[in-house]
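> Sending over final-v1.pdb (PDB, C-alpha atoms, pLDDT in the B column).
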ATOM      1  CA  MET A   1     171.245 161.952  58.916  1.00 48.00           C
ATOM      2  CA  SER A   2     171.808 163.149  55.331  1.00 56.00           C
ATOM      3  CA  THR A   3     174.622 165.521  54.385  1.00 61.00           C
ATOM      4  CA  GLU A   4     171.982 168.049  53.231  1.00 60.00           C
ATOM      5  CA  ASN A   5     170.240 168.014  56.622  1.00 58.00           C
ATOM      6  CA  LEU A   6     173.544 168.247  58.498  1.00 57.00           C
ATOM      7  CA  GLY A   7     174.413 171.302  56.410  1.00 65.00           C
ATOM      8  CA  ARG A   8     171.042 172.876  57.232  1.00 60.00           C
ATOM      9  CA  VAL A   9     171.502 172.269  60.958  1.00 56.00           C
ATOM     10  CA  ASP A  10     175.022 173.714  60.736  1.00 62.00           C
ATOM     11  CA  ARG A  11     173.643 176.938  59.224  1.00 62.00           C
ATOM     12  CA  ILE A  12     171.060 177.219  62.008  1.00 54.00           C
ATOM     13  CA  LEU A  13     173.600 176.532  64.755  1.00 52.00           C
ATOM     14  CA  GLU A  14     175.976 179.162  63.384  1.00 58.00           C
ATOM     15  CA  SER A  15     173.535 181.879  64.503  1.00 51.00           C
ATOM     16  CA  VAL A  16     173.666 180.644  68.120  1.00 48.00           C
ATOM     17  CA  ASP A  17     176.410 182.199  70.274  1.00 50.00           C
ATOM     18  CA  PHE A  18     177.361 178.897  71.905  1.00 48.00           C
ATOM     19  CA  PHE A  19     177.871 177.269  68.508  1.00 50.00           C
ATOM     20  CA  ARG A  20     179.694 180.111  66.709  1.00 58.00           C
ATOM     21  CA  PRO A  21     183.115 178.382  67.015  1.00 65.00           C
ATOM     22  CA  ARG A  22     183.341 175.992  64.063  1.00 68.00           C
ATOM     23  CA  SER A  23     185.026 173.365  66.226  1.00 64.00           C
ATOM     24  CA  THR A  24     181.999 173.272  68.577  1.00 57.00           C
ATOM     25  CA  ARG A  25     179.571 172.862  65.662  1.00 54.00           C
ATOM     26  CA  ARG A  26     181.729 170.160  64.077  1.00 64.00           C
ATOM     27  CA  LYS A  27     181.827 168.199  67.336  1.00 57.00           C
ATOM     28  CA  PHE A  28     178.053 168.506  67.749  1.00 53.00           C
ATOM     29  CA  LEU A  29     177.230 167.506  64.154  1.00 55.00           C
ATOM     30  CA  THR A  30     179.665 164.586  64.204  1.00 60.00           C
ATOM     31  CA  ALA A  31     177.964 163.286  67.346  1.00 53.00           C
ATOM     32  CA  ILE A  32     174.503 163.708  65.759  1.00 48.00           C
ATOM     33  CA  ALA A  33     175.585 161.629  62.770  1.00 55.00           C
ATOM     34  CA  ALA A  34     176.976 158.931  65.051  1.00 54.00           C
ATOM     35  CA  GLY A  35     174.509 158.749  67.906  1.00 49.00           C
ATOM     36  CA  GLY A  36     171.697 161.296  67.761  1.00 49.00           C
ATOM     37  CA  ALA A  37     171.085 164.519  69.631  1.00 47.00           C
ATOM     38  CA  GLY A  38     171.535 163.010  73.082  1.00 46.00           C
ATOM     39  CA  ALA A  39     175.103 162.034  72.322  1.00 45.00           C
ATOM     40  CA  ALA A  40     175.601 165.339  70.554  1.00 45.00           C
ATOM     41  CA  ALA A  41     174.477 167.358  73.567  1.00 45.00           C
ATOM     42  CA  THR A  42     176.995 165.528  75.748  1.00 43.00           C
ATOM     43  CA  ALA A  43     179.784 165.916  73.197  1.00 45.00           C
ATOM     44  CA  ALA A  44     179.220 169.645  72.849  1.00 43.00           C
ATOM     45  CA  GLY A  45     178.837 170.262  76.574  1.00 44.00           C
ATOM     46  CA  LEU A  46     175.276 171.511  76.270  1.00 41.00           C
ATOM     47  CA  GLY A  47     174.526 170.334  79.783  1.00 40.00           C
ATOM     48  CA  ARG A  48     176.340 173.449  80.953  1.00 37.00           C
ATOM     49  CA  VAL A  49     174.105 175.852  79.049  1.00 37.00           C
ATOM     50  CA  ILE A  50     170.674 174.165  78.825  1.00 38.00           C
ATOM     51  CA  PRO A  51     168.752 174.552  82.099  1.00 40.00           C
ATOM     52  CA  ALA A  52     167.060 171.434  83.489  1.00 41.00           C
ATOM     53  CA  SER A  53     163.787 173.234  84.073  1.00 45.00           C
ATOM     54  CA  ALA A  54     160.055 172.907  83.537  1.00 48.00           C
ATOM     55  CA  ASP A  55     160.455 175.342  80.629  1.00 64.00           C
ATOM     56  CA  THR A  56     162.867 172.951  78.951  1.00 76.00           C
ATOM     57  CA  GLY A  57     160.311 170.168  79.405  1.00 84.00           C
ATOM     58  CA  THR A  58     157.695 172.349  77.723  1.00 91.00           C
ATOM     59  CA  VAL A  59     159.980 172.908  74.739  1.00 91.00           C
ATOM     60  CA  VAL A  60     160.711 169.194  74.402  1.00 89.00           C
ATOM     61  CA  GLY A  61     156.973 168.510  74.723  1.00 92.00           C
ATOM     62  CA  PHE A  62     156.302 170.823  71.789  1.00 94.00           C
ATOM     63  CA  GLY A  63     159.018 169.080  69.806  1.00 92.00           C
ATOM     64  CA  ASN A  64     157.600 165.624  70.446  1.00 92.00           C
ATOM     65  CA  ALA A  65     154.112 166.859  69.550  1.00 95.00           C
ATOM     66  CA  ALA A  66     155.539 168.271  66.319  1.00 96.00           C
ATOM     67  CA  VAL A  67     156.790 164.804  65.379  1.00 95.00           C
ATOM     68  CA  GLY A  68     153.236 163.497  65.774  1.00 96.00           C
ATOM     69  CA  ALA A  69     151.835 166.404  63.780  1.00 97.00           C
ATOM     70  CA  GLU A  70     154.289 165.852  60.938  1.00 98.00           C
ATOM     71  CA  LYS A  71     153.404 162.153  60.789  1.00 97.00           C
ATOM     72  CA  ILE A  72     149.731 163.127  60.509  1.00 98.00           C
ATOM     73  CA  ALA A  73     150.644 165.643  57.802  1.00 98.00           C
ATOM     74  CA  VAL A  74     152.538 163.042  55.762  1.00 98.00           C
ATOM     75  CA  ALA A  75     149.556 160.681  56.084  1.00 98.00           C
ATOM     76  CA  PHE A  76     147.091 163.410  55.061  1.00 98.00           C
ATOM     77  CA  TYR A  77     148.925 164.569  51.939  1.00 98.00           C
ATOM     78  CA  SER A  78     149.726 160.984  50.920  1.00 98.00           C
ATOM     79  CA  ASN A  79     146.110 159.887  51.374  1.00 98.00           C
ATOM     80  CA  SER A  80     144.933 162.878  49.326  1.00 98.00           C
ATOM     81  CA  LEU A  81     147.167 161.771  46.456  1.00 98.00           C
ATOM     82  CA  GLY A  82     146.094 158.131  46.750  1.00 97.00           C
ATOM     83  CA  LEU A  83     149.598 157.136  47.845  1.00 97.00           C
ATOM     84  CA  SER A  84     150.491 154.820  50.715  1.00 97.00           C
ATOM     85  CA  SER A  85     152.633 156.180  53.547  1.00 97.00           C
ATOM     86  CA  PRO A  86     154.238 154.715  56.662  1.00 96.00           C
ATOM     87  CA  PHE A  87     151.760 156.641  58.838  1.00 98.00           C
ATOM     88  CA  GLY A  88     148.381 156.207  57.126  1.00 98.00           C
ATOM     89  CA  VAL A  89     145.941 153.343  56.635  1.00 97.00           C
ATOM     90  CA  GLN A  90     145.004 151.795  53.300  1.00 97.00           C
ATOM     91  CA  ALA A  91     141.287 152.427  53.785  1.00 97.00           C
ATOM     92  CA  ASP A  92     141.880 156.208  53.826  1.00 98.00           C
ATOM     93  CA  LEU A  93     143.541 156.472  50.412  1.00 97.00           C
ATOM     94  CA  ALA A  94     141.560 158.691  48.033  1.00 96.00           C
ATOM     95  CA  LYS A  95     139.689 156.391  45.666  1.00 87.00           C
ATOM     96  CA  GLY A  96     139.593 158.839  42.765  1.00 86.00           C
ATOM     97  CA  THR A  97     141.477 161.860  41.481  1.00 91.00           C
ATOM     98  CA  LEU A  98     140.407 164.686  43.782  1.00 95.00           C
ATOM     99  CA  LEU A  99     142.957 167.181  42.473  1.00 96.00           C
ATOM    100  CA  ASN A 100     143.877 168.422  39.019  1.00 96.00           C
ATOM    101  CA  HIS A 101     147.442 168.062  37.723  1.00 95.00           C
ATOM    102  CA  ALA A 102     148.727 171.390  39.071  1.00 96.00           C
ATOM    103  CA  HIS A 103     147.108 170.869  42.460  1.00 97.00           C
ATOM    104  CA  ARG A 104     148.581 167.376  42.696  1.00 97.00           C
ATOM    105  CA  ASP A 105     151.983 169.005  42.201  1.00 97.00           C
ATOM    106  CA  TYR A 106     151.219 171.340  45.139  1.00 98.00           C
ATOM    107  CA  PHE A 107     150.208 168.432  47.338  1.00 98.00           C
ATOM    108  CA  MET A 108     153.209 166.324  46.326  1.00 98.00           C
ATOM    109  CA  ALA A 109     155.491 169.216  47.249  1.00 98.00           C
ATOM    110  CA  ALA A 110     153.694 169.597  50.594  1.00 98.00           C
ATOM    111  CA  ARG A 111     154.040 165.853  51.259  1.00 98.00           C
ATOM    112  CA  ASN A 112     157.787 166.074  50.625  1.00 97.00           C
ATOM    113  CA  GLN A 113     158.104 169.155  52.824  1.00 97.00           C
ATOM    114  CA  GLU A 114     156.286 167.510  55.752  1.00 98.00           C
ATOM    115  CA  ALA A 115     158.417 164.370  55.384  1.00 97.00           C
ATOM    116  CA  ASN A 116     161.558 166.499  55.478  1.00 96.00           C
ATOM    117  CA  HIS A 117     160.325 168.367  58.572  1.00 96.00           C
ATOM    118  CA  LEU A 118     159.721 165.017  60.269  1.00 96.00           C
ATOM    119  CA  ALA A 119     163.194 163.747  59.386  1.00 94.00           C
ATOM    120  CA  THR A 120     164.792 166.916  60.734  1.00 91.00           C
ATOM    121  CA  LEU A 121     162.868 166.777  64.020  1.00 91.00           C
ATOM    122  CA  GLU A 122     163.640 163.100  64.549  1.00 90.00           C
ATOM    123  CA  SER A 123     167.252 163.084  63.375  1.00 83.00           C
ATOM    124  CA  ALA A 124     168.597 166.480  64.406  1.00 74.00           C
ATOM    125  CA  LEU A 125     166.792 166.783  67.750  1.00 78.00           C
ATOM    126  CA  SER A 126     166.065 163.117  68.633  1.00 80.00           C
ATOM    127  CA  LEU A 127     162.382 163.873  69.205  1.00 88.00           C
ATOM    128  CA  SER A 128     159.683 161.202  69.116  1.00 89.00           C
ATOM    129  CA  PHE A 129     155.948 160.549  69.276  1.00 93.00           C
ATOM    130  CA  PRO A 130     154.465 157.262  70.573  1.00 92.00           C
ATOM    131  CA  ALA A 131     151.923 156.658  67.775  1.00 95.00           C
ATOM    132  CA  ASN A 132     152.891 155.808  64.195  1.00 96.00           C
ATOM    133  CA  THR A 133     149.577 155.154  62.436  1.00 97.00           C
ATOM    134  CA  PHE A 134     146.785 157.690  61.986  1.00 97.00           C
ATOM    135  CA  ALA A 135     143.294 157.001  60.624  1.00 98.00           C
ATOM    136  CA  PHE A 136     141.035 159.852  59.512  1.00 98.00           C
ATOM    137  CA  PRO A 137     137.247 160.074  59.939  1.00 96.00           C
ATOM    138  CA  SER A 138     135.214 158.101  57.427  1.00 96.00           C
ATOM    139  CA  GLY A 139     134.564 160.097  54.266  1.00 96.00           C
ATOM    140  CA  THR A 140     137.472 162.507  54.639  1.00 97.00           C
ATOM    141  CA  PHE A 141     138.968 161.491  51.294  1.00 97.00           C
ATOM    142  CA  ASP A 142     135.724 160.740  49.448  1.00 96.00           C
ATOM    143  CA  SER A 143     135.445 164.233  47.965  1.00 96.00           C
ATOM    144  CA  ALA A 144     137.620 167.287  47.398  1.00 97.00           C
ATOM    145  CA  PRO A 145     135.569 169.578  49.710  1.00 97.00           C
ATOM    146  CA  SER A 146     135.795 167.230  52.709  1.00 97.00           C
ATOM    147  CA  MET A 147     139.485 166.572  52.103  1.00 97.00           C
ATOM    148  CA  LEU A 148     140.314 170.272  51.761  1.00 98.00           C
ATOM    149  CA  ALA A 149     138.300 171.155  54.886  1.00 97.00           C
ATOM    150  CA  MET A 150     140.342 168.631  56.852  1.00 97.00           C
ATOM    151  CA  GLY A 151     143.572 169.964  55.370  1.00 98.00           C
ATOM    152  CA  GLU A 152     142.786 173.541  56.362  1.00 98.00           C
ATOM    153  CA  ALA A 153     141.830 172.459  59.890  1.00 97.00           C
ATOM    154  CA  LEU A 154     145.096 170.518  60.223  1.00 98.00           C
ATOM    155  CA  GLU A 155     147.230 173.391  58.996  1.00 98.00           C
ATOM    156  CA  ASN A 156     145.547 175.813  61.409  1.00 97.00           C
ATOM    157  CA  ILE A 157     146.531 173.539  64.291  1.00 97.00           C
ATOM    158  CA  PHE A 158     150.056 173.025  62.946  1.00 98.00           C
ATOM    159  CA  ILE A 159     150.529 176.794  62.705  1.00 98.00           C
ATOM    160  CA  GLY A 160     149.253 177.367  66.248  1.00 97.00           C
ATOM    161  CA  ALA A 161     151.464 174.579  67.583  1.00 97.00           C
ATOM    162  CA  TYR A 162     154.627 175.903  65.959  1.00 97.00           C
ATOM    163  CA  LEU A 163     153.837 179.451  67.089  1.00 97.00           C
ATOM    164  CA  GLY A 164     153.436 178.096  70.621  1.00 96.00           C
ATOM    165  CA  ALA A 165     156.758 176.276  70.285  1.00 96.00           C
ATOM    166  CA  VAL A 166     158.465 179.511  69.233  1.00 96.00           C
ATOM    167  CA  GLN A 167     157.061 181.341  72.270  1.00 93.00           C
ATOM    168  CA  ALA A 168     158.004 178.574  74.709  1.00 94.00           C
ATOM    169  CA  ALA A 169     161.470 178.137  73.252  1.00 93.00           C
ATOM    170  CA  ALA A 170     162.166 181.871  73.244  1.00 91.00           C
ATOM    171  CA  ALA A 171     161.042 182.113  76.881  1.00 91.00           C
ATOM    172  CA  THR A 172     163.317 179.217  77.834  1.00 89.00           C
ATOM    173  CA  GLY A 173     166.325 180.791  76.135  1.00 86.00           C
ATOM    174  CA  GLY A 174     169.754 179.240  76.072  1.00 84.00           C
ATOM    175  CA  SER A 175     171.086 177.245  73.157  1.00 82.00           C
ATOM    176  CA  LEU A 176     168.177 174.787  73.195  1.00 81.00           C
ATOM    177  CA  GLY A 177     165.574 177.552  73.168  1.00 87.00           C
ATOM    178  CA  ILE A 178     167.240 179.456  70.354  1.00 88.00           C
ATOM    179  CA  LEU A 179     167.688 176.352  68.225  1.00 87.00           C
ATOM    180  CA  VAL A 180     164.113 175.097  68.688  1.00 89.00           C
ATOM    181  CA  ALA A 181     162.615 178.568  68.189  1.00 93.00           C
ATOM    182  CA  GLU A 182     164.410 178.987  64.872  1.00 92.00           C
ATOM    183  CA  VAL A 183     163.552 175.506  63.596  1.00 93.00           C
ATOM    184  CA  ALA A 184     159.898 175.942  64.645  1.00 96.00           C
ATOM    185  CA  ALA A 185     159.682 179.366  62.968  1.00 96.00           C
ATOM    186  CA  GLU A 186     161.183 178.023  59.731  1.00 96.00           C
ATOM    187  CA  ILE A 187     158.714 175.133  59.637  1.00 97.00           C
ATOM    188  CA  CYS A 188     155.780 177.377  60.610  1.00 98.00           C
ATOM    189  CA  GLY A 189     156.403 179.569  57.574  1.00 97.00           C
ATOM    190  CA  VAL A 190     155.972 176.557  55.295  1.00 98.00           C
ATOM    191  CA  GLU A 191     152.794 175.439  57.102  1.00 98.00           C
ATOM    192  CA  CYS A 192     151.339 178.904  56.487  1.00 98.00           C
ATOM    193  CA  ALA A 193     152.014 178.463  52.772  1.00 98.00           C
ATOM    194  CA  HIS A 194     150.237 175.091  52.856  1.00 98.00           C
ATOM    195  CA  ARG A 195     147.168 176.663  54.490  1.00 98.00           C
ATOM    196  CA  VAL A 196     146.886 179.348  51.822  1.00 98.00           C
ATOM    197  CA  LEU A 197     147.383 176.850  48.982  1.00 98.00           C
ATOM    198  CA  ILE A 198     144.620 174.628  50.371  1.00 98.00           C
ATOM    199  CA  ARG A 199     142.287 177.619  50.647  1.00 98.00           C
ATOM    200  CA  ASP A 200     143.151 178.615  47.078  1.00 98.00           C
ATOM    201  CA  ILE A 201     142.391 175.121  45.745  1.00 98.00           C
ATOM    202  CA  ALA A 202     139.098 175.181  47.682  1.00 97.00           C
ATOM    203  CA  GLY A 203     138.163 178.463  45.996  1.00 97.00           C
ATOM    204  CA  GLU A 204     138.039 180.459  49.236  1.00 97.00           C
ATOM    205  CA  ASP A 205     138.173 184.226  48.716  1.00 95.00           C
ATOM    206  CA  PRO A 206     140.703 185.466  49.516  1.00 97.00           C
ATOM    207  CA  PRO A 207     142.911 182.473  50.319  1.00 98.00           C
ATOM    208  CA  ASN A 208     145.327 184.771  52.182  1.00 97.00           C
ATOM    209  CA  ASP A 209     142.859 186.134  54.725  1.00 97.00           C
ATOM    210  CA  ARG A 210     144.994 187.121  57.731  1.00 96.00           C
ATOM    211  CA  PHE A 211     147.208 190.042  58.674  1.00 96.00           C
ATOM    212  CA  TYR A 212     148.746 187.762  61.321  1.00 96.00           C
ATOM    213  CA  GLU A 213     148.664 183.997  61.750  1.00 95.00           C
ATOM    214  CA  GLY A 214     148.364 183.780  65.539  1.00 91.00           C
ATOM    215  CA  ASP A 215     145.939 185.171  68.101  1.00 86.00           C
ATOM    216  CA  ALA A 216     148.394 186.474  70.683  1.00 80.00           C
ATOM    217  CA  GLY A 217     149.269 190.138  71.134  1.00 80.00           C
ATOM    218  CA  VAL A 218     148.126 191.441  67.737  1.00 86.00           C
ATOM    219  CA  PRO A 219     144.931 193.093  66.452  1.00 88.00           C
ATOM    220  CA  GLY A 220     142.176 190.631  65.605  1.00 92.00           C
ATOM    221  CA  PRO A 221     140.271 190.039  62.351  1.00 95.00           C
ATOM    222  CA  SER A 222     138.490 192.966  60.726  1.00 96.00           C
ATOM    223  CA  SER A 223     136.524 193.786  57.589  1.00 96.00           C
ATOM    224  CA  ASP A 224     139.716 194.913  55.824  1.00 97.00           C
ATOM    225  CA  ALA A 225     140.625 192.900  52.739  1.00 96.00           C
ATOM    226  CA  GLY A 226     143.192 190.299  53.754  1.00 96.00           C
ATOM    227  CA  ASN A 227     142.247 190.375  57.440  1.00 96.00           C
ATOM    228  CA  THR A 228     138.827 188.698  57.604  1.00 96.00           C
ATOM    229  CA  GLY A 229     140.021 185.258  58.681  1.00 96.00           C
ATOM    230  CA  ILE A 230     139.927 183.857  62.198  1.00 94.00           C
ATOM    231  CA  ARG A 231     143.490 183.339  63.457  1.00 94.00           C
ATOM    232  CA  SER A 232     145.090 180.046  64.411  1.00 95.00           C
ATOM    233  CA  HIS A 233     144.971 179.483  68.161  1.00 95.00           C
ATOM    234  CA  VAL A 234     148.455 179.609  69.699  1.00 96.00           C
ATOM    235  CA  TYR A 235     148.852 176.556  71.944  1.00 96.00           C
ATOM    236  CA  ALA A 236     150.477 176.851  75.366  1.00 94.00           C
ATOM    237  CA  LEU A 237     151.563 173.191  75.427  1.00 94.00           C
ATOM    238  CA  GLY A 238     152.383 170.627  72.793  1.00 95.00           C
ATOM    239  CA  GLY A 239     149.890 168.247  74.364  1.00 94.00           C
ATOM    240  CA  ASP A 240     147.108 170.777  73.795  1.00 95.00           C
ATOM    241  CA  ALA A 241     147.846 170.778  70.070  1.00 96.00           C
ATOM    242  CA  VAL A 242     147.820 166.967  69.981  1.00 95.00           C
ATOM    243  CA  THR A 243     144.424 167.001  71.726  1.00 95.00           C
ATOM    244  CA  ALA A 244     143.116 169.438  69.096  1.00 96.00           C
ATOM    245  CA  LEU A 245     144.351 167.195  66.283  1.00 96.00           C
ATOM    246  CA  LEU A 246     142.692 164.119  67.766  1.00 95.00           C
ATOM    247  CA  ALA A 247     139.489 166.136  68.277  1.00 96.00           C
ATOM    248  CA  LEU A 248     139.214 166.296  64.469  1.00 97.00           C
ATOM    249  CA  GLY A 249     138.336 162.607  64.644  1.00 96.00           C
ATOM    250  CA  ILE A 250     141.831 161.283  63.897  1.00 97.00           C
ATOM    251  CA  THR A 251     142.588 157.933  65.550  1.00 96.00           C
ATOM    252  CA  ALA A 252     146.191 157.299  66.577  1.00 95.00           C
ATOM    253  CA  SER A 253     147.708 153.873  67.192  1.00 94.00           C
TER
END
Would you mind writing the structure in this file as structure tokens?


Amino acid sequence: MSTENLGRVDRILESVDFFRPRSTRRKFLTAIAAGGAGAAATAAGLGRVIPASADTGTVVGFGNAAVGAEKIAVAFYSNSLGLSSPFGVQADLAKGTLLNHAHRDYFMAARNQEANHLATLESALSLSFPANTFAFPSGTFDSAPSMLAMGEALENIFIGAYLGAVQAAAATGGSLGILVAEVAAEICGVECAHRVLIRDIAGEDPPNDRFYEGDAGVPGPSSDAGNTGIRSHVYALGGDAVTALLALGITAS
């Protein structure tokens, strides 16, 4: 794990009561660098504070689903730019320039952000997803409108999945719940930015069309400017979000 990512995890852990002592964080981060989160949990004594419950399994399920989602995201943004990635297929690469120079910069930044999210989930939390290659429906990258429609659909699901992860992790509590909830919330904020940028590139008016991103416990869409958009569905389980992603016609292998 890179020094930059270790520093980021250290800053997150510092807000968790269990990890406030610097010696506890140092022990945990040293174990992550040497052997992953499993070894780190043992080294830091997390077995004493993380409940072995169904709720914990739900949180881990969201985390593993997030790894799959981030792989799909890296493949999508790479394909859109005509660039190969470890998670896409050659046949999906955009054959022409679907984005102008400025918009390519946006998509390159998004690709880097999704790749960093993936590295953090895999390295810091030892999460995994069984599939590594994702093929998109035929024609997705043949034109800007079809590509952007897919991108917006993906980001809606990513947002709903991370919101669901925040809810599940907060309900679970303990050091694991707090850590996962904060990581998921930080990533969700970036996915929301991606959704609005895609809508802006597509010429949708307005691109920022929601008072709230999720559909749980807040007023729904209205005719008010900035609140006309349908909210992202908040998923109860990570597996539900994966099912929604595959329902877009994505093939995983």

> Could you jot down the atom CA of A:Leu197 to atom CA of A:Gln167 separation for me, Å, one decimal place?

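One can read the atom CA of A:Leu197 to atom CA of A:Gln167 distance as 25.6 Å.
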
> If I take atom CA of A:Ala236 and atom CA of A:Val190, how far is one from the other in Å, to one decimal?

20.8 Å

> My list of candidates is A:Gly68, A:Gly82, A:Gly160, A:Gly203. Which is closest to A:Ala185 when distances are computed with all atoms listed in the file?

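With all atoms listed in the file as the atom set, the closest residue is A:Gly160.
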
> So the first atom is atom CA of A:Leu148 and the second is atom CA of A:Val218; what is the distance between them in Å, to one decimal place?

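One can read the atom CA of A:Leu148 to atom CA of A:Val218 distance as 27.6 Å.
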
> For the file shown, what are the residues hit by the PyMOL selection byres ((chain A and resi 95-104) around 9), laid out as a PyMOL selection string?

chain A and resi 80-82+92-94+105-109+141-144+147+197+201

> Please expand the PyMOL selection byres ((chain A and resi 70) around 8) into the concrete residues it hits in this file, giving the result as a list of chain:residue names.

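So the PyMOL selection byres ((chain A and resi 70) around 8) ends up selecting A:Ala66, A:Val67, A:Gly68, A:Ala69, A:Lys71, A:Ile72, A:Ala73, A:Val74, A:Glu114, A:Ala115, A:His117, A:Leu118.
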
> Need the shell around A:Leu154: protein/DNA/RNA residues with any atom at most 12 Å away, counting only C-alpha atoms. Skip same-chain ones fewer than 2 positions apart. Format as JSON, numbers by chain?

{"A": [69, 70, 71, 72, 73, 74, 75, 76, 77, 136, 147, 148, 149, 150, 151, 152, 156, 157, 158, 159, 160, 161, 191, 192, 194, 195, 198, 232, 233, 241, 242, 244, 245, 246, 247, 248, 249, 250]}

> With the PyMOL selection byres ((chain A and resi 62) around 10) as the selection, what would be picked from this file? Answer as a PyMOL selection string, please.

chain A and resi 56-61+63-68+127+161-162+164-166+168-169+180+184+235-242
